[in-house]
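> For reference, the file protein_1.cif (mmCIF, C-alpha atoms and all ligand atoms) is included below:
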```cif
data_run
loop_
_atom_site.label_atom_id
_atom_site.label_comp_id
_atom_site.auth_asym_id
_atom_site.auth_seq_id
_atom_site.Cartn_x
_atom_site.Cartn_y
_atom_site.Cartn_z
CA MET A 1 95.94 76.44 99.89
CA ARG A 2 98.85 78.07 101.68
CA VAL A 3 99.64 81.70 100.92
CA LEU A 4 102.44 83.95 102.11
CA GLY A 5 101.38 87.58 102.63
CA VAL A 6 103.77 90.55 102.65
CA GLU A 7 102.75 93.99 103.93
CA THR A 8 104.94 97.13 103.81
CA SER A 9 102.47 99.92 102.95
CA CYS A 10 103.16 102.19 105.91
CA ASP A 11 105.09 101.73 109.15
CA GLU A 12 104.76 98.00 109.80
CA THR A 13 106.90 95.36 108.10
CA ALA A 14 104.75 92.26 108.23
CA ALA A 15 104.62 88.74 106.81
CA ALA A 16 102.38 85.77 107.49
CA VAL A 17 101.35 82.39 106.17
CA VAL A 18 97.65 81.52 106.07
CA GLU A 19 96.00 78.23 105.28
CA VAL A 20 92.69 78.54 103.47
CA GLY A 21 90.25 75.65 103.02
CA ASP A 22 87.97 76.65 100.17
CA ALA A 23 89.29 79.98 99.02
CA ALA A 24 86.88 80.21 96.09
CA SER A 25 83.80 80.08 98.37
CA GLU A 26 82.09 83.12 99.89
CA ARG A 27 83.06 82.14 103.43
CA PRO A 28 86.38 80.32 103.26
CA ARG A 29 87.70 78.40 106.26
CA ALA A 30 90.99 80.03 107.08
CA ARG A 31 93.59 80.34 109.80
CA ALA A 32 96.93 82.05 110.22
CA LEU A 33 99.86 79.65 110.62
CA SER A 34 102.08 82.62 111.49
CA ASN A 35 101.67 86.39 111.71
CA VAL A 36 104.90 88.33 112.24
CA VAL A 37 104.81 92.13 112.60
CA HIS A 38 107.76 94.44 113.05
CA THR A 39 106.52 97.91 113.99
CA GLN A 40 108.52 101.05 113.20
CA ALA A 41 106.78 103.10 115.93
CA GLU A 42 110.15 103.72 117.61
CA VAL A 43 111.69 105.05 114.38
CA HIS A 44 108.94 107.63 113.86
CA GLU A 45 107.99 108.44 117.46
CA LYS A 46 110.31 111.42 117.87
CA PHE A 47 108.91 113.01 114.71
CA GLY A 48 105.29 112.60 115.84
CA GLY A 49 104.33 110.89 112.57
CA VAL A 50 105.60 108.59 109.82
CA VAL A 51 108.67 109.87 107.91
CA PRO A 52 108.41 108.19 104.47
CA GLU A 53 112.17 107.94 103.77
CA LEU A 54 112.86 106.37 107.16
CA ALA A 55 109.96 103.98 106.63
CA SER A 56 111.37 102.72 103.30
CA ARG A 57 114.84 102.25 104.74
CA ASP A 58 113.56 100.33 107.76
CA HIS A 59 111.38 98.09 105.54
CA LEU A 60 114.46 97.29 103.46
CA GLN A 61 116.40 96.27 106.55
CA ARG A 62 113.61 94.24 108.12
CA VAL A 63 111.67 92.60 105.33
CA LEU A 64 113.87 89.52 104.83
CA PRO A 65 114.26 88.64 108.56
CA VAL A 66 110.48 89.13 109.03
CA LEU A 67 109.78 86.84 106.05
CA ASP A 68 112.14 84.17 107.38
CA GLU A 69 110.47 84.29 110.77
CA ALA A 70 106.98 84.02 109.25
CA LEU A 71 108.00 80.90 107.29
CA ARG A 72 109.79 79.37 110.28
CA GLU A 73 106.85 79.98 112.64
CA ALA A 74 104.47 78.43 110.11
CA GLY A 75 106.82 75.46 109.74
CA CYS A 76 107.01 75.78 105.96
CA ALA A 77 109.49 76.40 103.21
CA LEU A 78 108.75 78.30 100.00
CA ARG A 79 108.08 74.99 98.20
CA ASP A 80 105.16 74.29 100.58
CA LEU A 81 103.35 77.44 99.44
CA ASP A 82 100.69 77.77 96.74
CA GLY A 83 101.16 81.48 96.19
CA ILE A 84 102.41 84.85 97.36
CA SER A 85 100.34 87.95 98.02
CA VAL A 86 101.73 91.44 98.45
CA THR A 87 100.19 94.84 99.23
CA ARG A 88 100.32 96.93 96.06
CA GLY A 89 98.53 100.02 97.48
CA PRO A 90 97.30 102.33 98.82
CA GLY A 91 100.19 103.58 100.96
CA LEU A 92 103.60 105.25 100.81
CA VAL A 93 105.17 104.59 97.43
CA GLY A 94 108.71 103.95 98.70
CA ALA A 95 107.42 101.63 101.41
CA LEU A 96 105.11 99.72 99.05
CA LEU A 97 107.92 99.21 96.51
CA VAL A 98 109.98 97.23 99.03
CA GLY A 99 107.22 94.65 99.53
CA VAL A 100 106.29 94.54 95.84
CA GLN A 101 109.89 93.90 94.75
CA VAL A 102 110.43 91.24 97.41
CA GLY A 103 107.17 89.53 96.44
CA LYS A 104 108.06 89.57 92.74
CA SER A 105 111.57 88.23 93.35
CA LEU A 106 110.40 85.44 95.64
CA ALA A 107 107.60 84.43 93.29
CA ALA A 108 109.92 84.37 90.29
CA GLY A 109 112.66 82.48 92.15
CA ALA A 110 110.33 79.87 93.63
CA ARG A 111 108.03 79.74 90.55
CA LEU A 112 104.98 80.61 92.61
CA PRO A 113 101.88 82.52 91.50
CA LEU A 114 101.84 86.13 92.70
CA VAL A 115 99.01 88.55 93.29
CA GLY A 116 99.04 92.24 94.32
CA VAL A 117 96.21 93.19 96.67
CA ASN A 118 94.60 96.34 98.00
CA HIS A 119 95.49 97.11 101.63
CA ILE A 120 91.89 98.11 102.42
CA GLU A 121 90.56 94.84 101.05
CA GLY A 122 93.09 93.15 103.34
CA HIS A 123 91.62 94.96 106.36
CA LEU A 124 88.08 93.97 105.29
CA LEU A 125 88.94 90.30 104.77
CA ALA A 126 90.93 89.92 108.02
CA VAL A 127 87.60 88.89 109.56
CA LEU A 128 87.73 85.63 107.54
CA LEU A 129 90.59 84.55 109.82
CA SER A 130 88.38 84.79 112.91
CA ASP A 131 85.96 82.11 114.10
CA HIS A 132 82.67 83.73 113.22
CA ALA A 133 82.97 85.43 109.85
CA PRO A 134 79.71 86.49 108.17
CA ALA A 135 78.71 85.33 104.69
CA PRO A 136 78.27 88.25 102.22
CA PRO A 137 76.53 90.59 101.86
CA TRP A 138 77.84 92.54 104.83
CA LEU A 139 78.82 96.07 105.74
CA GLY A 140 82.49 96.81 106.42
CA LEU A 141 83.68 99.82 108.40
CA VAL A 142 87.41 100.36 107.82
CA VAL A 143 88.92 102.62 110.46
CA SER A 144 92.67 103.06 110.36
CA GLY A 145 95.38 105.70 110.47
CA GLY A 146 94.98 106.46 106.78
CA HIS A 147 91.36 105.50 106.04
CA THR A 148 87.83 105.76 107.33
CA SER A 149 85.34 104.23 104.93
CA LEU A 150 82.16 102.22 104.73
CA TYR A 151 81.87 99.44 102.13
CA GLU A 152 79.08 97.12 101.16
CA VAL A 153 80.75 93.76 100.62
CA ARG A 154 78.39 92.22 98.05
CA ALA A 155 80.66 89.23 97.50
CA LEU A 156 84.34 88.62 98.16
CA GLY A 157 86.15 90.80 95.64
CA GLN A 158 83.06 92.92 94.98
CA TYR A 159 82.84 96.13 96.97
CA ARG A 160 80.65 99.24 96.85
CA ALA A 161 81.91 102.33 98.67
CA LEU A 162 79.12 103.95 100.71
CA GLY A 163 81.03 106.70 102.48
CA HIS A 164 84.44 108.09 103.37
CA THR A 165 85.97 110.66 105.64
CA LEU A 166 86.02 114.08 104.04
CA ASP A 167 89.16 115.12 105.95
CA ASP A 168 91.07 113.24 108.67
CA ALA A 169 90.87 109.48 109.13
CA ALA A 170 89.65 108.32 112.57
CA GLY A 171 93.12 107.02 113.50
CA GLU A 172 94.68 110.24 112.30
CA ALA A 173 92.31 112.16 114.62
CA PHE A 174 93.38 109.92 117.53
CA ASP A 175 97.05 110.47 116.67
CA LYS A 176 96.74 114.25 116.22
CA VAL A 177 94.79 114.71 119.46
CA ALA A 178 97.28 112.48 121.28
CA LYS A 179 100.10 114.65 119.94
CA LEU A 180 98.50 117.87 121.17
CA LEU A 181 97.98 116.23 124.57
CA GLY A 182 101.70 115.35 124.67
CA LEU A 183 101.18 111.57 124.30
CA PRO A 184 103.56 109.33 122.30
CA TYR A 185 103.00 108.36 118.64
CA PRO A 186 100.89 106.51 117.58
CA GLY A 187 98.46 107.85 120.15
CA GLY A 188 95.28 105.79 119.65
CA ALA A 189 96.11 103.07 122.15
CA HIS A 190 97.35 105.66 124.72
CA ILE A 191 94.06 107.59 124.51
CA ASP A 192 92.14 104.32 124.80
CA ARG A 193 94.05 103.42 127.98
CA LEU A 194 93.77 106.87 129.60
CA ALA A 195 90.06 107.12 128.72
CA GLN A 196 89.30 104.05 130.78
CA GLY A 197 89.74 106.13 133.93
CA GLY A 198 87.77 109.12 132.61
CA ASP A 199 84.21 110.43 132.32
CA ARG A 200 83.09 110.27 128.69
CA THR A 201 80.11 112.56 129.35
CA LYS A 202 82.22 115.37 130.85
CA TYR A 203 82.58 117.31 127.58
CA THR A 204 80.44 117.19 124.46
CA PHE A 205 82.67 117.47 121.41
CA PRO A 206 81.28 117.77 117.84
CA ARG A 207 80.39 114.57 115.95
CA GLY A 208 80.97 116.14 112.52
CA LEU A 209 78.69 116.80 109.53
CA SER A 210 75.56 117.24 111.66
CA ARG A 211 73.98 119.87 109.43
CA ARG A 212 74.95 118.17 106.21
CA SER A 213 74.15 114.69 107.40
CA LYS A 214 71.00 114.45 105.29
CA THR A 215 72.91 114.72 102.03
CA VAL A 216 76.12 112.91 102.92
CA GLN A 217 74.59 110.31 105.18
CA PHE A 218 77.52 107.96 105.42
CA ASP A 219 80.47 110.33 105.17
CA PHE A 220 82.62 111.30 108.14
CA SER A 221 84.54 114.38 109.27
CA PHE A 222 86.98 114.55 112.16
CA SER A 223 88.95 117.75 111.63
CA GLY A 224 86.38 119.91 113.48
CA LEU A 225 86.57 117.56 116.45
CA LYS A 226 90.36 117.87 116.56
CA THR A 227 90.07 121.68 116.45
CA ALA A 228 87.47 121.60 119.25
CA VAL A 229 89.82 119.61 121.49
CA GLN A 230 92.67 121.98 120.61
CA THR A 231 90.56 125.03 121.50
CA HIS A 232 89.44 123.38 124.74
CA VAL A 233 93.03 122.67 125.77
CA ARG A 234 94.10 126.21 124.92
CA GLU A 235 91.30 127.72 127.03
CA HIS A 236 91.08 125.27 129.93
CA GLY A 237 94.35 123.33 129.98
CA GLN A 238 94.44 119.56 130.27
CA ALA A 239 94.42 118.92 134.00
CA ASP A 240 91.59 116.41 133.57
CA LEU A 241 93.41 114.40 130.89
CA ALA A 242 91.41 111.20 131.44
CA ASP A 243 88.05 112.99 131.04
CA LEU A 244 89.34 114.80 127.97
CA CYS A 245 90.49 111.52 126.37
CA ALA A 246 87.23 109.76 127.24
CA SER A 247 85.08 112.62 125.87
CA PHE A 248 87.10 112.87 122.65
CA GLN A 249 87.05 109.10 122.17
CA GLU A 250 83.27 109.08 122.75
CA ALA A 251 82.76 111.64 119.98
CA VAL A 252 84.75 109.51 117.49
CA CYS A 253 83.07 106.23 118.48
CA ASP A 254 79.60 107.79 118.50
CA ALA A 255 80.07 109.21 114.98
CA LEU A 256 81.47 105.93 113.64
CA THR A 257 78.86 103.59 115.11
CA LEU A 258 75.92 105.87 114.37
CA ARG A 259 76.76 106.07 110.66
CA ALA A 260 77.66 102.39 110.41
CA VAL A 261 74.32 101.34 111.86
CA ARG A 262 72.50 103.86 109.68
CA ALA A 263 74.32 102.59 106.58
CA ALA A 264 73.53 98.96 107.44
CA ARG A 265 69.87 99.83 107.84
CA GLY A 266 69.87 101.89 104.61
CA ALA A 267 71.48 99.14 102.56
CA GLY A 268 69.41 96.37 104.17
CA LEU A 269 72.49 94.61 105.60
CA HIS A 270 72.33 92.57 108.80
CA ALA A 271 76.01 92.03 109.52
CA LEU A 272 78.67 94.63 110.33
CA VAL A 273 82.43 94.08 110.31
CA ILE A 274 84.66 96.73 111.90
CA CYS A 275 88.33 96.53 110.96
CA GLY A 276 91.56 98.54 110.77
CA GLY A 277 93.75 99.77 113.62
CA VAL A 278 91.05 101.84 115.35
CA ALA A 279 88.84 98.72 115.58
CA ALA A 280 91.18 97.72 118.41
CA ASN A 281 89.65 100.58 120.47
CA SER A 282 87.84 99.23 123.52
CA ARG A 283 85.09 101.87 123.58
CA LEU A 284 84.40 101.47 119.84
CA ARG A 285 84.01 97.72 120.35
CA ALA A 286 81.66 98.16 123.32
CA LEU A 287 79.50 100.87 121.73
CA ALA A 288 79.24 98.97 118.43
CA LEU A 289 78.12 95.88 120.33
CA GLU A 290 75.43 97.89 122.14
CA ARG A 291 74.09 99.60 119.00
CA CYS A 292 74.18 96.50 116.83
CA ALA A 293 72.31 94.48 119.46
CA ALA A 294 69.58 97.16 119.57
CA GLU A 295 69.25 97.03 115.75
CA GLU A 296 69.53 93.25 115.42
CA ILE A 297 72.71 93.53 113.39
CA SER A 298 75.33 90.85 113.98
CA LEU A 299 78.70 92.40 114.80
CA HIS A 300 82.01 90.84 113.74
CA LEU A 301 85.27 92.15 115.17
CA PRO A 302 88.61 90.64 114.21
CA SER A 303 91.00 90.24 117.15
CA PRO A 304 93.11 93.38 117.82
CA LYS A 305 96.19 91.71 116.26
CA LEU A 306 94.24 91.23 113.00
CA CYS A 307 92.88 94.81 113.16
CA THR A 308 96.21 96.65 113.04
CA ASP A 309 98.39 96.23 109.93
CA ASN A 310 99.55 92.64 109.47
CA GLY A 311 100.57 90.14 106.79
CA ALA A 312 97.81 87.61 107.47
CA MET A 313 95.10 89.92 106.12
CA ILE A 314 97.13 90.42 102.92
CA ALA A 315 97.65 86.66 102.57
CA MET A 316 93.90 86.12 103.12
CA ALA A 317 92.86 88.64 100.45
CA GLY A 318 95.52 87.18 98.15
CA ALA A 319 94.17 83.64 98.62
CA VAL A 320 90.70 84.79 97.53
CA HIS A 321 92.11 86.31 94.32
CA LEU A 322 94.57 83.50 93.58
CA ALA A 323 91.75 80.95 93.94
CA ARG A 324 89.84 82.85 91.26
CA GLY A 325 92.81 82.51 88.92
CA GLU A 326 94.04 86.09 89.18
CA ARG A 327 97.77 86.68 88.71
CA ALA A 328 99.97 89.78 88.92
CA ALA A 329 101.19 91.12 85.59
CA ALA A 330 104.96 90.86 85.07
CA GLN A 331 105.20 94.66 85.12
CA MET A 332 103.19 95.06 88.36
CA SER A 333 104.35 97.97 90.49
CA ALA A 334 103.18 99.85 93.58
CA ASP A 335 99.95 101.84 93.26
CA PRO A 336 100.08 104.37 96.14
CA GLY A 337 96.67 105.94 95.40
CA TRP A 338 94.70 102.76 94.62
CA ARG A 339 91.04 103.16 95.60
CA LEU A 340 89.05 100.08 96.43
O1 LIG A 401 95.39 99.83 110.40
P1 LIG A 401 96.56 100.47 111.04
O2 LIG A 401 97.50 99.62 111.84
O3 LIG A 401 97.44 101.23 109.99
C1 LIG A 401 96.89 101.94 108.91
O4 LIG A 401 96.57 101.30 107.87
O5 LIG A 401 96.74 103.18 109.08
O6 LIG A 401 95.98 101.64 111.97
C2 LIG A 401 96.80 102.45 112.75
C3 LIG A 401 95.93 103.44 113.52
C4 LIG A 401 96.74 104.50 114.26
O7 LIG A 401 96.18 105.77 113.96
C5 LIG A 401 96.54 104.14 115.72
O8 LIG A 401 96.58 105.26 116.59
C6 LIG A 401 95.18 103.50 115.70
O9 LIG A 401 95.16 102.75 114.51
N1 LIG A 401 94.92 102.64 116.86
C7 LIG A 401 93.98 102.92 117.80
C8 LIG A 401 94.07 101.89 118.78
N2 LIG A 401 95.06 101.03 118.41
C9 LIG A 401 95.56 101.50 117.22
N3 LIG A 401 93.09 103.91 117.88
C10 LIG A 401 92.26 103.93 118.94
N4 LIG A 401 92.30 103.00 119.92
C11 LIG A 401 93.16 101.97 119.88
N5 LIG A 401 93.16 101.05 120.86
ZN ZN A 402 96.08 99.56 107.56
#
```
Translate the structure of the given file into structure tokens.

Amino acid sequence: MRVLGVETSCDETAAAVVEVGDAASERPRARALSNVVHTQAEVHEKFGGVVPELASRDHLQRVLPVLDEALREAGCALRDLDGISVTRGPGLVGALLVGVQVGKSLAAGARLPLVGVNHIEGHLLAVLLSDHAPAPPWLGLVVSGGHTSLYEVRALGQYRALGHTLDDAAGEAFDKVAKLLGLPYPGGAHIDRLAQGGDRTKYTFPRGLSRRSKTVQFDFSFSGLKTAVQTHVREHGQADLADLCASFQEAVCDALTLRAVRAARGAGLHALVICGGVAANSRLRALALERCAAEEISLHLPSPKLCTDNGAMIAMAGAVHLARGERAAAQMSADPGWRL
């Protein structure tokens, strides 16, 4: 089946067409025929974070051209599609509404089935578009600008939350630390690049929740780490920017991989998928590979383009639900606080 995916939950306007072989199976064969992303980074950069009103307005201006390009790149017209999938939540309500309304209008006009999917499920299922996707059950670590969570994927569409961040998301920590170091927004990729020339053992920053880790085994906390970097910069300056970036990044990646491996072991899972924007981080990928190899866990990392927000992951998750006969209700609207 061919599904068009539309994503407007935050600061990327994205659309894509995916082709899925056996969408009702537990490991569908799938590939993206197109994957068009317009990022609003430039719009929000001078504010150091996403401004919701500006995000909605930019989505409105970009969503139709992005959709056209996704269809053109895939070489299809609306009549060649089997369904439309749109992000219904979680995210910014005004931003989500743009995608939801466009999806509803297109589906009604072209008489196509429509489904509204959860953005986090989209991140988790992006791995199905890569060559070596695991068959469930597997453990999913979602690390993005808005979320840091561990899920047991028992079957496609069936998820059990094992842990969440108690304060900042991992990407948010990257962005906040980048801001205090004077780097552009969003800062994750800048820290990643600078860290490559630094010494990650130079400073030992807190990994979060060490004392409480027995009771909240799979939860995360990054606000203490951000404060520690802030205090360090205030007291010692940031002359050694590369070492500072590398040491901060090491603390985040250490905390993430340690808990992911521990959760996999605890839940008896032998495959780990890391997804979301922060999964594009080079040190996170390397450290996860090292730790998973030592624990005989197979590691699955979507390509960086499938890790950051995109329409293909929404189309993929939509295909899974459409194949099971699910359809959006006529009164479907955005659900900004939707928990998976
Ligand atoms: O998944 P995503 O595109 O959007 C959300 O759903 O939030 O994730 C964006 C986040 C931002 O915080 C960004 O700084 C971070 O992913 N990010 C990175 C890297 N590339 C993107 N963080 C660390 N290293 C990277 N290479
Ligand atoms: Zn995301």
> Report the closest atom pair, with its distance in Å rounded to one decimal, for each residue of chain A that has an atom no farther than 7 Å from ligand ZN 402 (chain A); count all atoms listed in the file, sort by chain and then rising residue number, and write it as a tab-separated table.

```
residue	atom	partner	partner_atom	distance
A:His119	CA	A:ZN402	ZN	6.4
A:Ile120	CA	A:ZN402	ZN	6.8
A:His123	CA	A:ZN402	ZN	6.5
A:Ser144	CA	A:ZN402	ZN	5.6
A:Gly145	CA	A:ZN402	ZN	6.8
A:Gly276	CA	A:ZN402	ZN	5.6
A:Gly277	CA	A:ZN402	ZN	6.5
A:Thr308	CA	A:ZN402	ZN	6.2
A:Asp309	CA	A:ZN402	ZN	4.7
```
> For ligand LIG 401 (chain A), list the contacting residues at 9 Å or closer, counting all atoms listed in the file, as a ChimeraX atom specification.
/A:9-12,91,119-120,123,142-147,169-176,178,185-193,249,275-284,304,307-310
> Fewer than 6 positions away in the same chain doesn't count, so skip those; otherwise give me all residues within 9 Å of A:Glu121, counting only C-alpha atoms, as a PyMOL selection string.
chain A and resi 157+159+313-314+317+340
> Considering all atoms listed in the file, return as a list in words whatever protein or nucleic-acid residues lie within 7 Å of A:Leu272, sequence-local ones (same chain, fewer than 6 positions apart) excluded.
Trp138, Leu139, Gly140, Ile297, Ser298, Leu299 and His300 of chain A
> Which residues come within 7 Å of A:Val66, counting all atoms listed in the file, excluding same-chain residues fewer than 3 positions away, as a PyMOL selection string?
chain A and resi 14-15+36+62-63+69-70
> One number please: atom CA of A:Leu183 to atom CA of A:Ala55, in Å, one decimal.
21.1 Å
